[in-house]
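Q: See final.csv below, with CSV, C-alpha atoms.
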chain,number,residue,atom,x,y,z
G,1,MET,CA,-30.0,-27.2,12.8
G,2,THR,CA,-28.2,-28.6,9.7
G,3,THR,CA,-25.5,-27.1,7.7
G,4,LEU,CA,-26.5,-25.6,4.4
G,5,PRO,CA,-25.3,-27.8,1.5
G,6,LEU,CA,-22.4,-25.9,-0.2
G,7,SER,CA,-20.0,-26.9,-2.9
G,8,PRO,CA,-16.3,-26.6,-2.0
G,9,ALA,CA,-16.0,-23.6,-4.4
G,10,ARG,CA,-19.1,-21.9,-3.0
G,11,GLU,CA,-17.8,-22.4,0.6
G,12,ARG,CA,-14.4,-20.9,-0.2
G,13,ILE,CA,-16.1,-17.9,-1.8
G,14,LEU,CA,-18.2,-17.3,1.3
G,15,LEU,CA,-15.3,-17.8,3.7
G,16,TRP,CA,-13.1,-15.3,1.8
G,17,LEU,CA,-16.0,-12.8,1.7
G,18,LEU,CA,-16.3,-13.1,5.4
G,19,ALA,CA,-12.5,-12.6,5.6
G,20,LEU,CA,-12.8,-9.4,3.6
G,21,THR,CA,-15.7,-8.2,5.9
G,22,GLN,CA,-13.6,-8.9,8.9
G,23,PHE,CA,-10.6,-7.2,7.2
G,24,THR,CA,-12.3,-3.9,7.3
G,25,VAL,CA,-13.1,-4.3,11.0
G,26,VAL,CA,-9.6,-5.3,11.8
G,27,MET,CA,-8.0,-2.6,9.8
G,28,ASP,CA,-10.3,0.0,11.4
G,29,PHE,CA,-9.1,-1.1,14.8
G,30,MET,CA,-5.5,-1.7,13.9
G,31,VAL,CA,-4.8,1.5,11.9
G,32,MET,CA,-5.4,3.6,15.0
G,33,MET,CA,-2.2,2.2,16.5
G,34,PRO,CA,0.4,3.1,13.9
G,35,LEU,CA,-1.4,6.4,13.5
G,36,ALA,CA,-0.7,7.2,17.1
G,37,PRO,CA,2.4,9.4,16.5
G,38,GLN,CA,0.5,11.5,13.9
G,39,LEU,CA,-2.5,11.9,16.2
G,40,MET,CA,-0.2,12.9,19.0
G,41,ARG,CA,1.2,15.7,16.9
G,42,ALA,CA,-2.1,16.7,15.2
G,43,PHE,CA,-4.0,17.0,18.5
G,44,ASN,CA,-1.1,17.7,20.8
G,45,ILE,CA,-1.8,14.7,23.1
G,46,GLU,CA,0.3,11.9,24.7
G,47,ALA,CA,0.4,8.2,24.0
G,48,SER,CA,-1.8,7.4,27.0
G,49,THR,CA,-4.5,9.7,25.6
G,50,VAL,CA,-4.4,8.0,22.2
G,51,SER,CA,-4.9,4.7,24.1
G,52,GLY,CA,-8.2,6.2,25.3
G,53,ALA,CA,-9.5,6.3,21.7
G,54,VAL,CA,-8.4,2.6,21.3
G,55,SER,CA,-10.0,1.7,24.6
G,56,VAL,CA,-13.3,3.5,24.0
G,57,TYR,CA,-13.7,1.5,20.7
G,58,ALA,CA,-13.2,-1.7,22.6
G,59,TRP,CA,-15.5,-0.8,25.5
G,60,CYS,CA,-18.3,0.1,23.1
G,61,ALA,CA,-17.7,-2.9,20.9
G,62,GLY,CA,-18.0,-5.0,24.1
G,63,LEU,CA,-21.2,-3.4,25.1
G,64,SER,CA,-22.6,-3.7,21.6
G,65,GLY,CA,-21.7,-7.4,21.4
G,66,LEU,CA,-23.3,-8.1,24.8
G,67,LEU,CA,-26.5,-6.4,23.7
G,68,ALA,CA,-26.4,-8.3,20.4
G,69,ALA,CA,-26.6,-11.5,22.3
G,70,THR,CA,-30.3,-10.6,22.9
G,71,TYR,CA,-31.2,-10.3,19.2
G,72,ILE,CA,-28.5,-11.9,17.0
G,73,ASP,CA,-30.4,-15.2,16.7
G,74,ARG,CA,-33.7,-13.4,16.0
G,75,PHE,CA,-32.7,-12.2,12.5
G,76,SER,CA,-31.4,-13.6,9.3
G,77,ARG,CA,-27.5,-13.6,9.5
G,78,LYS,CA,-27.4,-11.9,6.1
G,79,ARG,CA,-29.8,-9.1,6.9
G,80,LEU,CA,-28.1,-8.4,10.2
G,81,LEU,CA,-24.6,-8.5,8.7
G,82,LEU,CA,-25.6,-6.0,5.9
G,83,THR,CA,-27.3,-3.6,8.4
G,84,MET,CA,-24.4,-3.5,10.9
G,85,PHE,CA,-21.8,-3.3,8.1
G,86,PHE,CA,-23.5,-0.3,6.6
G,87,LEU,CA,-23.6,1.5,10.0
G,88,PHE,CA,-20.0,0.6,10.5
G,89,ASN,CA,-19.1,2.3,7.3
G,90,LEU,CA,-20.9,5.4,8.4
G,91,SER,CA,-18.7,5.4,11.5
G,92,ASN,CA,-15.6,5.4,9.4
G,93,LEU,CA,-16.9,8.4,7.5
G,94,ALA,CA,-17.5,10.1,10.9
G,95,CYS,CA,-13.9,9.4,11.9
G,96,ALA,CA,-12.5,10.9,8.7
G,97,LEU,CA,-14.6,14.1,9.2
G,98,ALA,CA,-13.9,14.6,12.9
G,99,PRO,CA,-12.3,18.0,13.4
G,100,THR,CA,-11.2,17.5,17.0
G,101,PHE,CA,-9.9,14.6,19.1
G,102,HIS,CA,-13.0,14.6,21.3
G,103,LEU,CA,-15.2,14.1,18.2
G,104,LEU,CA,-12.8,11.5,16.9
G,105,VAL,CA,-13.3,9.6,20.2
G,106,TRP,CA,-17.1,9.8,19.9
G,107,SER,CA,-16.7,8.5,16.3
G,108,ARG,CA,-14.5,5.6,17.5
G,109,ALA,CA,-17.3,4.8,20.0
G,110,PHE,CA,-19.8,4.6,17.2
G,111,ALA,CA,-17.3,2.4,15.3
G,112,GLY,CA,-17.1,0.1,18.3
G,113,LEU,CA,-20.9,-0.1,18.7
G,114,THR,CA,-21.3,-1.2,15.0
G,115,GLY,CA,-18.1,-3.1,14.4
G,116,GLY,CA,-18.3,-5.1,17.6
G,117,VAL,CA,-21.3,-7.0,16.4
G,118,LEU,CA,-19.8,-7.9,13.0
G,119,ALA,CA,-17.2,-10.3,14.5
G,120,SER,CA,-20.0,-12.2,16.3
G,121,ILE,CA,-22.1,-12.5,13.1
G,122,VAL,CA,-19.1,-13.8,11.2
G,123,MET,CA,-18.3,-16.4,13.7
G,124,ALA,CA,-21.9,-17.4,14.0
G,125,ILE,CA,-22.0,-17.9,10.2
G,126,ILE,CA,-18.9,-20.1,10.4
G,127,GLY,CA,-20.6,-22.1,13.2
G,128,ASP,CA,-23.8,-22.5,11.0
G,129,LEU,CA,-21.9,-23.5,7.8
G,130,ILE,CA,-18.8,-25.4,8.9
G,131,PRO,CA,-18.7,-28.7,10.9
G,132,PRO,CA,-16.7,-28.7,14.1
G,133,GLN,CA,-13.9,-30.9,12.8
G,134,ARG,CA,-13.1,-28.3,10.1
G,135,ARG,CA,-13.7,-25.0,11.9
G,136,GLY,CA,-10.1,-24.6,12.6
G,137,ALA,CA,-9.3,-24.4,8.9
G,138,ALA,CA,-12.3,-22.2,8.2
G,139,THR,CA,-11.4,-19.9,11.1
G,140,GLY,CA,-7.8,-19.8,9.7
G,141,ILE,CA,-9.1,-18.5,6.4
G,142,VAL,CA,-11.3,-15.8,8.1
G,143,MET,CA,-8.5,-14.9,10.5
G,144,THR,CA,-6.2,-14.1,7.5
G,145,SER,CA,-8.2,-10.8,7.7
G,146,PHE,CA,-5.7,-9.9,10.4
G,147,SER,CA,-2.8,-10.7,8.1
G,148,MET,CA,-4.4,-8.8,5.2
G,149,ALA,CA,-4.9,-5.8,7.4
G,150,ALA,CA,-1.3,-5.9,8.4
G,151,VAL,CA,0.0,-6.6,4.9
G,152,ALA,CA,-2.1,-4.2,2.9
G,153,GLY,CA,-4.5,-2.2,5.0
G,154,VAL,CA,-2.3,-0.8,7.7
G,155,PRO,CA,0.8,-0.1,5.5
G,156,VAL,CA,-1.3,1.6,2.8
G,157,GLY,CA,-3.2,3.5,5.5
G,158,VAL,CA,0.1,4.7,7.1
G,159,VAL,CA,1.5,5.8,3.7
G,160,LEU,CA,-1.7,7.7,2.9
G,161,ALA,CA,-1.7,9.3,6.3
G,162,ALA,CA,1.9,10.4,5.9
G,163,LYS,CA,1.1,12.1,2.6
G,164,PHE,CA,-2.4,13.2,2.9
G,165,GLY,CA,-3.2,13.4,6.6
G,166,TRP,CA,-4.4,11.0,9.3
G,167,GLN,CA,-8.0,11.0,7.9
G,168,SER,CA,-6.9,9.3,4.7
G,169,PRO,CA,-7.1,5.6,6.0
G,170,PHE,CA,-10.7,6.2,7.1
G,171,TYR,CA,-11.7,7.5,3.7
G,172,LEU,CA,-10.1,4.4,2.1
G,173,LEU,CA,-12.1,2.2,4.5
G,174,VAL,CA,-15.3,3.9,3.4
G,175,VAL,CA,-14.7,3.1,-0.3
G,176,PHE,CA,-13.5,-0.4,0.3
G,177,SER,CA,-16.3,-1.3,2.7
G,178,LEU,CA,-18.9,-0.2,0.2
G,179,ILE,CA,-17.5,-2.6,-2.4
G,180,ILE,CA,-17.5,-5.5,0.1
G,181,TRP,CA,-21.0,-4.6,1.2
G,182,ALA,CA,-22.3,-4.8,-2.4
G,183,LEU,CA,-20.5,-8.2,-2.9
G,184,ALA,CA,-22.0,-9.6,0.4
G,185,ALA,CA,-25.5,-8.4,-0.6
G,186,ARG,CA,-25.1,-10.4,-3.8
G,187,VAL,CA,-23.3,-13.5,-2.7
G,188,LEU,CA,-24.5,-14.4,0.8
G,189,PRO,CA,-27.4,-16.8,1.1
G,190,LYS,CA,-30.3,-15.9,3.5
G,191,LEU,CA,-28.7,-17.9,6.4
G,192,ASP,CA,-32.0,-18.1,8.4
G,193,GLY,CA,-32.1,-21.8,9.3
G,194,HIS,CA,-31.6,-20.9,13.0
G,195,LEU,CA,-34.8,-19.0,13.0
G,196,SER,CA,-36.9,-22.2,13.1
G,197,LYS,CA,-35.8,-22.4,16.8
G,198,ARG,CA,-36.2,-18.7,17.5
G,199,VAL,CA,-36.7,-18.0,21.2
G,200,PRO,CA,-39.8,-16.0,22.2
G,201,LEU,CA,-39.0,-12.3,23.0
G,202,SER,CA,-40.0,-12.7,26.6
G,203,GLU,CA,-37.3,-15.3,27.1
G,204,VAL,CA,-34.4,-13.4,25.4
G,205,VAL,CA,-33.1,-11.6,28.5
G,206,PRO,CA,-33.5,-14.6,30.8
G,207,ASN,CA,-31.6,-16.7,28.2
G,208,LEU,CA,-28.9,-14.1,28.1
G,209,ILE,CA,-28.5,-14.2,31.8
G,210,GLY,CA,-28.6,-18.0,31.5
G,211,LEU,CA,-25.5,-17.9,29.3
G,212,PHE,CA,-23.5,-16.8,32.3
G,213,ARG,CA,-24.9,-19.5,34.5
G,214,VAL,CA,-23.3,-22.4,32.5
G,215,PRO,CA,-19.9,-23.3,34.0
G,216,ARG,CA,-18.3,-24.2,30.6
G,217,HIS,CA,-19.5,-20.8,29.2
G,218,LEU,CA,-17.9,-18.9,32.1
G,219,SER,CA,-14.6,-20.8,31.6
G,220,ALA,CA,-14.6,-19.9,27.9
G,221,PHE,CA,-15.5,-16.3,28.5
G,222,LEU,CA,-12.7,-15.9,31.0
G,223,LEU,CA,-10.2,-17.4,28.6
G,224,SER,CA,-11.3,-15.1,25.8
G,225,GLY,CA,-11.2,-12.0,27.8
G,226,VAL,CA,-7.8,-12.6,29.4
G,227,ASN,CA,-6.3,-13.7,26.1
G,228,MET,CA,-7.3,-10.4,24.5
G,229,LEU,CA,-6.3,-8.3,27.5
G,230,THR,CA,-2.7,-9.7,27.3
G,231,GLY,CA,-2.3,-8.6,23.7
G,232,MET,CA,-3.7,-5.1,24.3
G,233,LEU,CA,-1.2,-4.4,27.1
G,234,VAL,CA,1.4,-4.4,24.3
G,235,ILE,CA,0.0,-3.8,20.8
G,236,PRO,CA,-1.5,-0.3,21.0
G,237,PHE,CA,1.8,1.2,22.1
G,238,ILE,CA,4.1,-0.4,19.6
G,239,SER,CA,4.2,2.5,17.1
G,240,PRO,CA,4.6,5.3,19.7
G,241,VAL,CA,7.4,3.4,21.4
G,242,LEU,CA,9.2,2.7,18.0
G,243,VAL,CA,8.9,6.3,17.0
G,244,ASN,CA,9.6,8.0,20.3
G,245,ASN,CA,12.1,5.6,21.9
G,246,LEU,CA,13.9,4.0,18.9
G,247,GLY,CA,13.7,6.8,16.4
G,248,VAL,CA,11.7,5.0,13.7
G,249,GLN,CA,10.0,7.5,11.3
G,250,PRO,CA,6.2,7.3,11.2
G,251,ALA,CA,6.3,6.3,7.5
G,252,GLU,CA,8.8,3.5,8.2
G,253,ILE,CA,6.2,1.8,10.5
G,254,THR,CA,4.7,0.6,7.2
G,255,TYR,CA,7.6,-1.7,6.6
G,256,VAL,CA,7.4,-3.1,10.1
G,257,TYR,CA,3.7,-4.0,9.8
G,258,LEU,CA,4.2,-5.2,6.3
G,259,ALA,CA,6.8,-7.8,7.4
G,260,GLY,CA,4.6,-9.0,10.3
G,261,GLY,CA,1.5,-9.2,8.1
G,262,CYS,CA,3.3,-11.2,5.4
G,263,ALA,CA,4.3,-13.8,8.0
G,264,THR,CA,0.8,-14.1,9.4
G,265,LEU,CA,-0.7,-14.3,5.9
G,266,PHE,CA,1.0,-17.6,5.4
G,267,SER,CA,0.9,-18.8,9.0
G,268,SER,CA,-2.9,-18.3,9.7
G,269,ARG,CA,-4.1,-21.1,7.5
G,270,LEU,CA,-1.3,-23.4,8.6
G,271,ILE,CA,-2.1,-22.9,12.3
G,272,GLY,CA,-5.8,-23.4,11.5
G,273,GLY,CA,-5.2,-26.8,9.9
G,274,TRP,CA,-2.8,-27.7,12.7
G,275,ALA,CA,-5.5,-27.0,15.2
G,276,ASP,CA,-7.9,-29.4,13.4
G,277,ARG,CA,-5.3,-32.1,13.4
G,278,ALA,CA,-3.6,-31.7,16.8
G,279,GLY,CA,-6.5,-30.3,18.8
G,280,LYS,CA,-7.5,-26.8,19.5
G,281,HIS,CA,-6.5,-26.9,23.2
G,282,GLN,CA,-3.0,-28.1,22.5
G,283,VAL,CA,-2.3,-25.7,19.6
G,284,TYR,CA,-3.5,-22.8,21.7
G,285,ARG,CA,-1.0,-23.8,24.5
G,286,TYR,CA,1.9,-24.0,22.0
G,287,MET,CA,1.1,-20.6,20.4
G,288,ALA,CA,0.5,-18.9,23.7
G,289,MET,CA,3.8,-20.1,25.2
G,290,PHE,CA,5.6,-19.1,22.0
G,291,SER,CA,4.1,-15.6,22.2
G,292,ILE,CA,5.7,-14.8,25.6
G,293,LEU,CA,9.2,-14.2,24.4
G,294,PRO,CA,8.3,-12.0,21.5
G,295,MET,CA,6.1,-9.9,23.8
G,296,LEU,CA,8.8,-9.5,26.4
G,297,PHE,CA,11.3,-8.6,23.7
G,298,MET,CA,8.9,-6.1,22.2
G,299,THR,CA,8.4,-4.3,25.5
G,300,HIS,CA,12.2,-4.3,26.3
G,301,MET,CA,13.6,-3.7,22.9
G,302,PRO,CA,17.0,-2.1,22.9
G,303,GLN,CA,18.2,0.5,20.4
G,304,MET,CA,18.5,-1.4,17.1
G,305,PRO,CA,18.4,-0.6,13.4
G,306,LEU,CA,15.2,-0.6,11.4
G,307,LEU,CA,16.1,-3.8,9.5
G,308,ALA,CA,16.5,-5.7,12.8
G,309,ILE,CA,13.1,-4.5,14.0
G,310,ILE,CA,11.5,-5.5,10.6
G,311,LEU,CA,13.1,-9.0,10.9
G,312,PHE,CA,11.8,-9.5,14.4
G,313,PHE,CA,8.2,-8.3,13.9
G,314,PRO,CA,7.0,-11.4,12.1
G,315,PHE,CA,7.8,-13.5,15.2
G,316,PHE,CA,5.7,-11.2,17.3
G,317,MET,CA,2.8,-11.0,14.9
G,318,THR,CA,2.7,-14.8,14.1
G,319,SER,CA,2.7,-15.8,17.8
G,320,VAL,CA,0.2,-13.2,19.1
G,321,ALA,CA,-2.2,-13.5,16.2
G,322,GLY,CA,-1.7,-17.2,15.9
G,323,ARG,CA,-3.0,-18.1,19.3
G,324,ASN,CA,-6.3,-16.5,18.4
G,325,ILE,CA,-7.0,-19.0,15.6
G,326,PRO,CA,-7.4,-22.2,17.8
G,327,LEU,CA,-9.1,-20.1,20.4
G,328,GLN,CA,-11.8,-18.8,18.0
G,329,ALA,CA,-12.3,-22.2,16.6
G,330,LEU,CA,-12.6,-23.6,20.1
G,331,MET,CA,-15.3,-21.1,21.0
G,332,THR,CA,-17.6,-22.3,18.2
G,333,THR,CA,-17.7,-25.7,19.9
G,334,ILE,CA,-18.7,-24.5,23.4
G,335,PRO,CA,-22.4,-23.7,23.0
G,336,GLU,CA,-25.3,-25.8,21.8
G,337,PRO,CA,-26.1,-24.9,18.1
G,338,ALA,CA,-29.4,-23.1,19.0
G,339,LYS,CA,-27.5,-20.8,21.3
G,340,ARG,CA,-24.4,-20.3,19.1
G,341,GLY,CA,-25.1,-16.8,18.0
G,342,ALA,CA,-26.0,-15.5,21.4
G,343,PHE,CA,-22.9,-17.2,23.0
G,344,LEU,CA,-20.5,-15.9,20.3
G,345,SER,CA,-22.0,-12.4,20.7
G,346,ALA,CA,-21.4,-12.5,24.4
G,347,ASN,CA,-17.9,-14.0,23.9
G,348,SER,CA,-17.0,-11.3,21.4
G,349,ALA,CA,-18.3,-8.7,23.8
G,350,LEU,CA,-16.1,-10.0,26.6
G,351,GLN,CA,-13.1,-10.1,24.2
G,352,GLN,CA,-13.7,-6.5,23.4
G,353,LEU,CA,-14.0,-5.6,27.0
G,354,GLY,CA,-10.8,-7.4,27.7
G,355,SER,CA,-9.2,-5.4,24.9
G,356,GLY,CA,-10.5,-2.2,26.5
G,357,VAL,CA,-9.2,-3.1,29.9
G,358,GLY,CA,-5.8,-4.0,28.4
G,359,ALA,CA,-5.5,-0.8,26.5
G,360,LEU,CA,-6.6,1.2,29.6
G,361,ILE,CA,-4.3,-0.5,32.0
G,362,GLY,CA,-1.4,-0.4,29.5
G,363,GLY,CA,-1.9,3.3,29.0
G,364,MET,CA,-2.2,4.1,32.7
G,365,GLY,CA,1.3,2.9,33.3
G,366,LEU,CA,3.0,4.9,30.6
G,367,HIS,CA,4.4,8.4,30.7
G,368,SER,CA,6.8,10.5,28.7
G,369,ASP,CA,10.1,11.9,30.1
G,370,SER,CA,11.6,15.3,29.3
G,371,SER,CA,13.2,13.9,26.1
G,372,GLY,CA,9.9,12.5,24.8
G,373,HIS,CA,10.7,8.8,25.5
G,374,ILE,CA,7.9,6.6,26.7
G,375,ILE,CA,8.6,5.1,30.1
G,376,GLY,CA,6.9,2.0,31.7
G,377,TYR,CA,6.4,-0.2,28.6
G,378,GLY,CA,8.4,-3.0,30.1
G,379,SER,CA,6.0,-3.5,33.0
G,380,ASN,CA,3.2,-4.1,30.4
G,381,GLY,CA,5.3,-6.9,29.0
G,382,TYR,CA,5.7,-8.6,32.3
G,383,MET,CA,2.0,-8.4,33.0
G,384,ALA,CA,1.2,-9.8,29.5
G,385,ALA,CA,3.6,-12.7,30.1
G,386,GLY,CA,2.1,-13.6,33.5
G,387,LEU,CA,-1.5,-13.5,32.2
G,388,THR,CA,-0.5,-15.6,29.1
G,389,LEU,CA,0.8,-18.3,31.5
G,390,PHE,CA,-2.5,-18.2,33.2
G,391,THR,CA,-4.4,-18.8,29.9
G,392,VAL,CA,-2.1,-21.8,29.1
G,393,TRP,CA,-3.3,-23.4,32.3
G,394,TRP,CA,-6.9,-22.3,32.1
G,395,VAL,CA,-7.6,-23.5,28.5
G,396,GLY,CA,-7.6,-27.1,29.9
G,397,ARG,CA,-10.8,-26.1,31.8
G,398,VAL,CA,-12.6,-25.0,28.6
G,399,ASN,CA,-14.7,-27.8,27.1
G,400,GLY,CA,-17.3,-28.0,24.3
G,401,ALA,CA,-20.9,-29.0,24.5
G,402,VAL,CA,-21.4,-32.6,25.2
G,403,GLY,CA,-23.2,-34.4,22.4
G,404,ALA,CA,-23.4,-31.3,20.2
G,405,PRO,CA,-24.2,-32.4,16.6
G,406,ALA,CA,-21.4,-32.3,14.1
G,407,PRO,CA,-23.0,-31.3,10.8
G,408,ALA,CA,-21.7,-32.8,7.7
G,409,GLY,CA,-20.0,-30.6,5.2
G,410,ARG,CA,-17.3,-30.2,2.6
G,411,PRO,CA,-13.7,-29.0,2.9
G,412,ALA,CA,-13.3,-25.4,3.9
G,413,ALA,CA,-10.5,-24.8,1.4
How does this structure look as structure tokens?
A:
Amino acid sequence: MTTLPLSPARERILLWLLALTQFTVVMDFMVMMPLAPQLMRAFNIEASTVSGAVSVYAWCAGLSGLLAATYIDRFSRKRLLLTMFFLFNLSNLACALAPTFHLLVWSRAFAGLTGGVLASIVMAIIGDLIPPQRRGAATGIVMTSFSMAAVAGVPVGVVLAAKFGWQSPFYLLVVFSLIIWALAARVLPKLDGHLSKRVPLSEVVPNLIGLFRVPRHLSAFLLSGVNMLTGMLVIPFISPVLVNNLGVQPAEITYVYLAGGCATLFSSRLIGGWADRAGKHQVYRYMAMFSILPMLFMTHMPQMPLLAIILFFPFFMTSVAGRNIPLQALMTTIPEPAKRGAFLSANSALQQLGSGVGALIGGMGLHSDSSGHIIGYGSNGYMAAGLTLFTVWWVGRVNGAVGAPAPAGRPAA
């Protein structure tokens, strides 16, 4: 399969459109975390219960991604992206309209089932369009979605939630997603070159099982799952801990995420280019090792003023988000081109399952004392640090397909 001929300008437009698509998915997932204090008050629940809503999204996204591996390479990338994006938008509307926490959880499950496929489609498009030697830079552009969500999406969502109720961010997502959907429908090409090698329907399930019989696939899947698990031991509980333990006001969480997002907005593309020059394995090791100290400090943070928290958070966000950039670029080199969509769907599924396991385990160890302080967060940091060290060692066992073709292309940015 050859890469579609794209001019540099056209390629940049497509990559930034994919980044905006991914932005809505990341914001949808991330906004639940700073909204935790408001959800706890609105529904009279504890932090561990809120983690259940985060976890169910991840579990359903994982299941959806795994099922997508059976069909993602059987449809035009564009058609599948637009279909799942539309259903994802309906899930956000369902979240906004949920009158009880139980219905909110069911709506989050729907969001996971739809949003979990979008990340796989986005990465498959990158794999189809961008040659391996430049996928780090391309992934860095798309991964700025995380930064954009932290800089703009989450802070705006938190402010709206503080003034108009926790439902407001989901209404905002509905409107914004409709605009991006319309742009994608107009700008994206058909992206159906992979259909020339479409696998017969009778071979879909055996081929899915076959993905898990390839040793290099299994090594990559384990790395992806554990990498996500480590972050989710810490990230979902940041806002409740800052509010309940350090006295940060819910509206002030906006400034914390804004500072971290601004840092990653600049660092994402730098890290992506660095991964192309120095090697994806090596850059992942550096970023993973760098992330250990910020994670430990976050989970053992002493009483400190808001300004100090704001100044620290960029280090946390840059390190934890930064290690995902070389990892995602590395994942596109693992499978053979004809199996790229199915592999990335399975990989995304296992990443989501890792997120679900991390949020579930992280929430199980937390409880509130008589004064409302959240206890047990430090243990999550130690587990995250230990598992990060494991990934630093394990990444050396993850290798790409031997002899995989490197399609020609133009600069990603």
Q: At most 12 Å is the cut-off: for each residue in segment 241-317 of chain G with any atom that close to an atom of segment 39-46 of chain G, write down the nearest atom pair and the distance in Å rounded to one decimal, counting only C-alpha atoms, chain first then increasing number, as a tab-separated table.
A:
residue	atom	partner	partner_atom	distance
G:Val241	CA	G:Glu46	CA	11.6
G:Val243	CA	G:Met40	CA	11.4
G:Asn244	CA	G:Glu46	CA	11.0
G:Pro250	CA	G:Leu39	CA	11.0
Q: For a quick check of your reading of the model, name the residues lying within 9 Å of the coordinate (-0.4, -16.6, 31.2), counting only C-alpha atoms, and write them as a list of chain:residue names.
A: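 Checked against the point, the hits come out as G:Val226, G:Asn227, G:Thr230, G:Ala288, G:Met289, G:Ile292, G:Met383, G:Ala384, G:Ala385, G:Gly386, G:Leu387, G:Thr388, G:Leu389, G:Phe390, G:Thr391, G:Val392, G:Trp393, G:Trp394.
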Q: Give me, as a list of chain:residue names, all polymer residues having an atom no more than 8 Å from Pro314 of chain G, counting only C-alpha atoms and skipping those fewer than 3 positions away in the same chain.
A: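 The residues that qualify are G:Ala259, G:Gly260, G:Gly261, G:Cys262, G:Ala263, G:Thr264, G:Ile310, G:Leu311, G:Met317, G:Thr318.
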Q: What's around Ala308 of chain G at 10 Å? Count all atoms listed in the file, leave out sequence neighbours fewer than 5 positions away in its own chain, and write the answer as an NGL selection string.
A: :G and (256 or 303 or 313)
Q: Rank G:Val142, G:Leu93, G:Val205, G:Leu223 by their smallest atom-to-atom distance to Ile126 of chain G, using only C-alpha atoms, and report the top residue only.
A: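 Closest to Ile126 of chain G, using only C-alpha atoms: G:Val142.
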Q: Near Phe343 of chain G, within 12 Å and counting all atoms listed in the file, which residues show up once chain neighbours fewer than 6 positions away are dropped, as a short mmCIF file (atom, residue, chain, number, x, y, z; two decimals) with C-alpha atoms, in the coordinates of the input?
A:
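File result-v6.cif, as written:
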data_model
loop_
_atom_site.label_atom_id
_atom_site.label_comp_id
_atom_site.auth_asym_id
_atom_site.auth_seq_id
_atom_site.Cartn_x
_atom_site.Cartn_y
_atom_site.Cartn_z
CA GLY G 65 -21.70 -7.40 21.40
CA LEU G 66 -23.30 -8.10 24.80
CA LEU G 67 -26.50 -6.40 23.70
CA ALA G 68 -26.40 -8.30 20.40
CA ALA G 69 -26.60 -11.50 22.30
CA THR G 70 -30.30 -10.60 22.90
CA TYR G 71 -31.20 -10.30 19.20
CA ILE G 72 -28.50 -11.90 17.00
CA ASP G 73 -30.40 -15.20 16.70
CA SER G 120 -20.00 -12.20 16.30
CA ILE G 121 -22.10 -12.50 13.10
CA MET G 123 -18.30 -16.40 13.70
CA ALA G 124 -21.90 -17.40 14.00
CA GLY G 127 -20.60 -22.10 13.20
CA ASN G 207 -31.60 -16.70 28.20
CA LEU G 208 -28.90 -14.10 28.10
CA ILE G 209 -28.50 -14.20 31.80
CA GLY G 210 -28.60 -18.00 31.50
CA LEU G 211 -25.50 -17.90 29.30
CA PHE G 212 -23.50 -16.80 32.30
CA ARG G 213 -24.90 -19.50 34.50
CA VAL G 214 -23.30 -22.40 32.50
CA ARG G 216 -18.30 -24.20 30.60
CA HIS G 217 -19.50 -20.80 29.20
CA LEU G 218 -17.90 -18.90 32.10
CA ALA G 220 -14.60 -19.90 27.90
CA PHE G 221 -15.50 -16.30 28.50
CA MET G 331 -15.30 -21.10 21.00
CA THR G 332 -17.60 -22.30 18.20
CA THR G 333 -17.70 -25.70 19.90
CA ILE G 334 -18.70 -24.50 23.40
CA PRO G 335 -22.40 -23.70 23.00
CA GLU G 336 -25.30 -25.80 21.80
CA PRO G 337 -26.10 -24.90 18.10
CA ALA G 349 -18.30 -8.70 23.80
CA LEU G 350 -16.10 -10.00 26.60
#
Q: Would you mind listing what lies within 8 Å of Leu15 of chain G as a ChimeraX atom specification, with all atoms listed in the file counted and same-chain residues fewer than 3 positions away left out?
A: /G:11-12,18-19,126,138,141-142,412
Q: What does the structure give for the distance between atom CA of Thr114 of chain G and atom CA of Leu20 of chain G, in Å to one decimal?
A: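 It comes out at 16.4 Å.
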Q: When you draw a straight line from atom CA of Asn245 of chain G to atom CA of Phe297 of chain G, how long is it in Å?
A: 14.3 Å
Q: Please determine, counting only C-alpha atoms, which residue among G:Gln167, G:Ile13, G:Pro155, G:Leu307 has the shortest atom-to-atom distance to Thr254 of chain G.
A: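 Result for the nearest residue to Thr254 of chain G: G:Pro155.
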Q: Point out the residue among G:Ile374, G:Leu173, G:Leu306, G:Val122 with the least atom-to-atom distance to Trp16 of chain G, counting all atoms listed in the file.
A: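 Nearest to Trp16 of chain G: G:Val122.
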Q: Rounded to one decimal in Å, what is the spacing between atom CA of Val159 of chain G and atom CA of Met33 of chain G?
A: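 Atom CA of Met33 of chain G lies 13.8 Å from atom CA of Val159 of chain G.
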Q: Taking (-21.6, -10.1, 12.3) in the file's own coordinates, collect the residues within 9 Å, counting only C-alpha atoms, and hand them back as a short mmCIF file (atom, residue, chain, number, x, y, z; two decimals) with C-alpha atoms, in the coordinates of the input.
A:
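Wrote result_8.cif, looks like this:
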data_model
loop_
_atom_site.label_atom_id
_atom_site.label_comp_id
_atom_site.auth_asym_id
_atom_site.auth_seq_id
_atom_site.Cartn_x
_atom_site.Cartn_y
_atom_site.Cartn_z
CA THR G 21 -15.70 -8.20 5.90
CA GLN G 22 -13.60 -8.90 8.90
CA ILE G 72 -28.50 -11.90 17.00
CA ARG G 77 -27.50 -13.60 9.50
CA LYS G 78 -27.40 -11.90 6.10
CA LEU G 80 -28.10 -8.40 10.20
CA LEU G 81 -24.60 -8.50 8.70
CA LEU G 82 -25.60 -6.00 5.90
CA MET G 84 -24.40 -3.50 10.90
CA PHE G 85 -21.80 -3.30 8.10
CA GLY G 115 -18.10 -3.10 14.40
CA GLY G 116 -18.30 -5.10 17.60
CA VAL G 117 -21.30 -7.00 16.40
CA LEU G 118 -19.80 -7.90 13.00
CA ALA G 119 -17.20 -10.30 14.50
CA SER G 120 -20.00 -12.20 16.30
CA ILE G 121 -22.10 -12.50 13.10
CA VAL G 122 -19.10 -13.80 11.20
CA MET G 123 -18.30 -16.40 13.70
CA ALA G 124 -21.90 -17.40 14.00
CA ILE G 125 -22.00 -17.90 10.20
CA SER G 345 -22.00 -12.40 20.70
#
